[in-house]
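Reading through the structure tokens given below for one structure.
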Amino acid sequence: MSQTCDHNCENCAQNCGDRTAPNSFLAQPKESTHVKKVIGVVSGKGGVGKSLVTAALASLARRRGLETAVLDSDITGPSIPKAFGLHDKAMGNQNGILPTLTKTGVKVMSLNLLLEDETEPVVWRGPIIAGTVKQFWTDVLWNDVDYMFIDMPPGTGDVALTVFQSIPLDGLIIVTTPQELVGMIVEKAVKMAQLMNIPVLALVENMSYVKCPDCGREIAIFGESHMEETAARLGIPLTARLPLDPTFASLVDAGQVEEVQSPELSALLDKLETM
């Protein structure tokens, strides 16, 4: 114990033997909220298809009859409502905020569902953004959820730290593309997860190849994939390679991500359900 100790363990960072407050930053959701599995979907940089993977996995899980939710923590670049074709504003009652339901019943909360104009920019500083993400966990009436997918902003900044510390994550899915630059940035995300003692469950390589419509040959337009070697070196157990498919993009642009068919993500979800 420090000689200047004021016995207020809640605001103290010292790990002494007289500590009485638990050393945990986990935030408590509403009493009605019961989430079985929380999976964060992250990327080291933007533009790799993280939100597509998040929305597609949630849609596939819902198609299997699972109660599914998406918490959109990408406050300054929310694309989840667009992918699901959601434009109605989120409502609330005296108990909290109600998530918006998609056509198939996926529960969604995103800042764009709270703004009067969905094209209005969010010009906020980091602590306010991080606090908003935390409120999406604590103040939303999620009720019973089998799988919650958290669409994370790119990078390893304030929001990622807030999610890692405040929400009881069961693991992470890291989304990448074949370029070597992106591969280097993936390691940053993996090392942050290791620092926070959060397991990395899977590595998804998006835009891995284009399939020739005539002969079916896979063409690696962004370079040869090194995903398997990267996953083995970093100790990531599951992998999936997604093709560069214009059908995906058109469905997302039309707000119809729930119609995406992806054998690769279906196989990944099969494995996630057994973990």
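Simple scheme: letters A, B, ... for chains in structure tokens order, numbers from 1 for residues in each chain, numbers from 1 for ligands in the order shown.
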Among the residues of range 12-200 of chain A, find those DSSP assigns to helix (DSSP H, G or I) from the backbone and print them as number ranges by chain.
-> A: 50-63, 80-84, 111-113, 126-138, 158-166, 180-195
Do a neighbour search on Leu52 in chain A at 8 Å with only C-alpha atoms, toss out local chain neighbours closer than 5 positions, and write the hits as a list in words.
-> Ala83, Val252 and Val257 of chain A
Dump N, CA, C and O atoms for the selected residues as a compact mmCIF listing (two decimals), in the first residue's frame?
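Contents of the output file out.txt:
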```
# COMPACT_ATOMS: atom_id res chain seq x y z
N ALA A 83 -26.18 -1.54 -45.28
CA ALA A 83 -26.09 -2.92 -45.76
C ALA A 83 -27.39 -3.68 -45.56
O ALA A 83 -27.78 -4.51 -46.39
N VAL A 252 -25.20 -5.40 -51.07
CA VAL A 252 -24.98 -4.46 -49.96
C VAL A 252 -25.45 -3.07 -50.36
O VAL A 252 -26.12 -2.38 -49.58
N VAL A 257 -28.13 -7.31 -47.83
CA VAL A 257 -27.04 -8.20 -47.42
C VAL A 257 -27.57 -9.52 -46.88
O VAL A 257 -26.87 -10.54 -46.90
```
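Among the candidate residues A:Val190, A:Leu111, A:Leu71, A:Met207, the one lying nearest to Leu242 in chain A is A:Met207, with distances computed using only C-alpha atoms.
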Filtered DSSP result for range 100-237 of chain A, state strand (DSSP E), as a VMD selection string | chain A and resid 100 to 101 107 to 109 144 to 151 171 to 176 200 to 211 218 to 219
Sorted per-residue table, range 111-220 of chain A near range 24-47 of chain A, closest atoms and distance, 10 Å, only C-alpha atoms, as CSV:
```
residue,atom,partner,partner_atom,distance
A:Lys134,CA,A:Ala27,CA,7.6
A:Gln135,CA,A:Pro29,CA,8.8
A:Phe136,CA,A:Pro29,CA,9.0
A:Trp137,CA,A:Pro29,CA,5.9
A:Thr138,CA,A:Pro29,CA,4.0
A:Asp139,CA,A:Lys30,CA,6.5
A:Val140,CA,A:Lys30,CA,7.2
A:Leu141,CA,A:Thr33,CA,6.3
A:Trp142,CA,A:Thr33,CA,5.2
A:Asn143,CA,A:Thr33,CA,4.0
A:Asp144,CA,A:His34,CA,4.9
A:Val145,CA,A:Val35,CA,4.7
A:Asp146,CA,A:Lys36,CA,5.0
A:Tyr147,CA,A:Lys37,CA,4.9
A:Met148,CA,A:Val38,CA,4.8
A:Phe149,CA,A:Ile39,CA,5.0
A:Ile150,CA,A:Gly40,CA,4.6
A:Asp151,CA,A:Val41,CA,5.3
A:Met152,CA,A:Val42,CA,5.3
A:Pro153,CA,A:Val42,CA,7.0
A:Pro154,CA,A:Lys45,CA,4.8
A:Gly155,CA,A:Gly44,CA,4.7
A:Thr156,CA,A:Gly44,CA,7.2
A:Ala160,CA,A:Val42,CA,8.6
A:Thr162,CA,A:Phe25,CA,9.0
A:Val163,CA,A:Gly40,CA,8.6
A:Phe164,CA,A:Leu26,CA,8.8
A:Gln165,CA,A:Phe25,CA,5.6
A:Ser166,CA,A:Leu26,CA,4.1
A:Ile167,CA,A:Leu26,CA,5.7
A:Pro168,CA,A:Leu26,CA,6.8
A:Leu169,CA,A:Val38,CA,5.1
A:Asp170,CA,A:Val38,CA,5.4
A:Gly171,CA,A:Ile39,CA,5.3
A:Leu172,CA,A:Gly40,CA,4.7
A:Ile173,CA,A:Val41,CA,4.8
A:Ile174,CA,A:Val42,CA,5.0
A:Val175,CA,A:Ser43,CA,5.2
A:Thr176,CA,A:Ser43,CA,6.4
A:Thr177,CA,A:Gly47,CA,9.3
A:Leu181,CA,A:Lys45,CA,9.9
A:Val182,CA,A:Gly44,CA,7.2
A:Gly183,CA,A:Gly44,CA,8.7
A:Met184,CA,A:Gly44,CA,8.7
A:Ile185,CA,A:Gly44,CA,5.1
A:Val186,CA,A:Gly44,CA,5.3
A:Glu187,CA,A:Gly44,CA,8.1
A:Lys188,CA,A:Gly44,CA,6.9
A:Ala189,CA,A:Gly44,CA,5.8
A:Val190,CA,A:Gly44,CA,9.1
A:Ile198,CA,A:Gly40,CA,10.0
A:Val200,CA,A:Gly40,CA,9.4
A:Leu201,CA,A:Ile39,CA,8.9
A:Ala202,CA,A:Val41,CA,9.6
A:Leu203,CA,A:Val42,CA,9.9
A:Val204,CA,A:Ser43,CA,9.8
```
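Nearest residue to Ala193 in chain A among A:Glu228, A:Arg217, A:Leu234, A:Glu205 is A:Leu234, counting only C-alpha atoms.
Neighbouring residues of range 123-125 of chain A at 10 Å or closer, counting only C-alpha atoms and skipping chain neighbours under 3 positions away, are Ile75, Thr76, Glu120, Ile128, Ile129, Ala130 and Asp158 of chain A.
The shortest atom-to-atom distance to Asp253 in chain A, with only C-alpha atoms taken into account, belongs to A:Leu86 out of A:Leu86, A:Cys215, A:Ile221, A:Leu57.
Closest approach to Thr119 in chain A from the set A:Thr274, A:Ser225, A:Thr54, A:Ser79 is made by A:Ser79, with distances taken over only C-alpha atoms.
Shortest atom-to-atom contact with Leu269 in chain A among A:Asn197, A:Ser73, A:Thr239, A:Ser208: A:Thr239, counting only C-alpha atoms.
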Fewer than 3 positions away in the same chain doesn't count, so skip those; otherwise give me all residues within 7 Å of His226 in chain A, counting only C-alpha atoms, as a short mmCIF file (atom, residue, chain, number, x, y, z; two decimals) with C-alpha atoms, in the first residue's frame.
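Contents of the output file part_21.cif:
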```cif
data_model
loop_
_atom_site.label_atom_id
_atom_site.label_comp_id
_atom_site.auth_asym_id
_atom_site.auth_seq_id
_atom_site.Cartn_x
_atom_site.Cartn_y
_atom_site.Cartn_z
CA PRO A 178 -3.98 -10.32 -49.66
CA GLU A 229 1.00 -19.10 -43.35
CA THR A 230 0.01 -15.95 -41.47
#
```
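CA of Leu98 in chain A is found 11.2 Å from CA of Ser110 in chain A.
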Within 12 Å of Gln256 in chain A, counting only C-alpha atoms, which residues show up once you throw out same-chain ones fewer than 2 positions away? Write them as an MDAnalysis selection string, please.
-> chainID A and resid 52 55:56 59 80:86 102:104 247:254 258:261
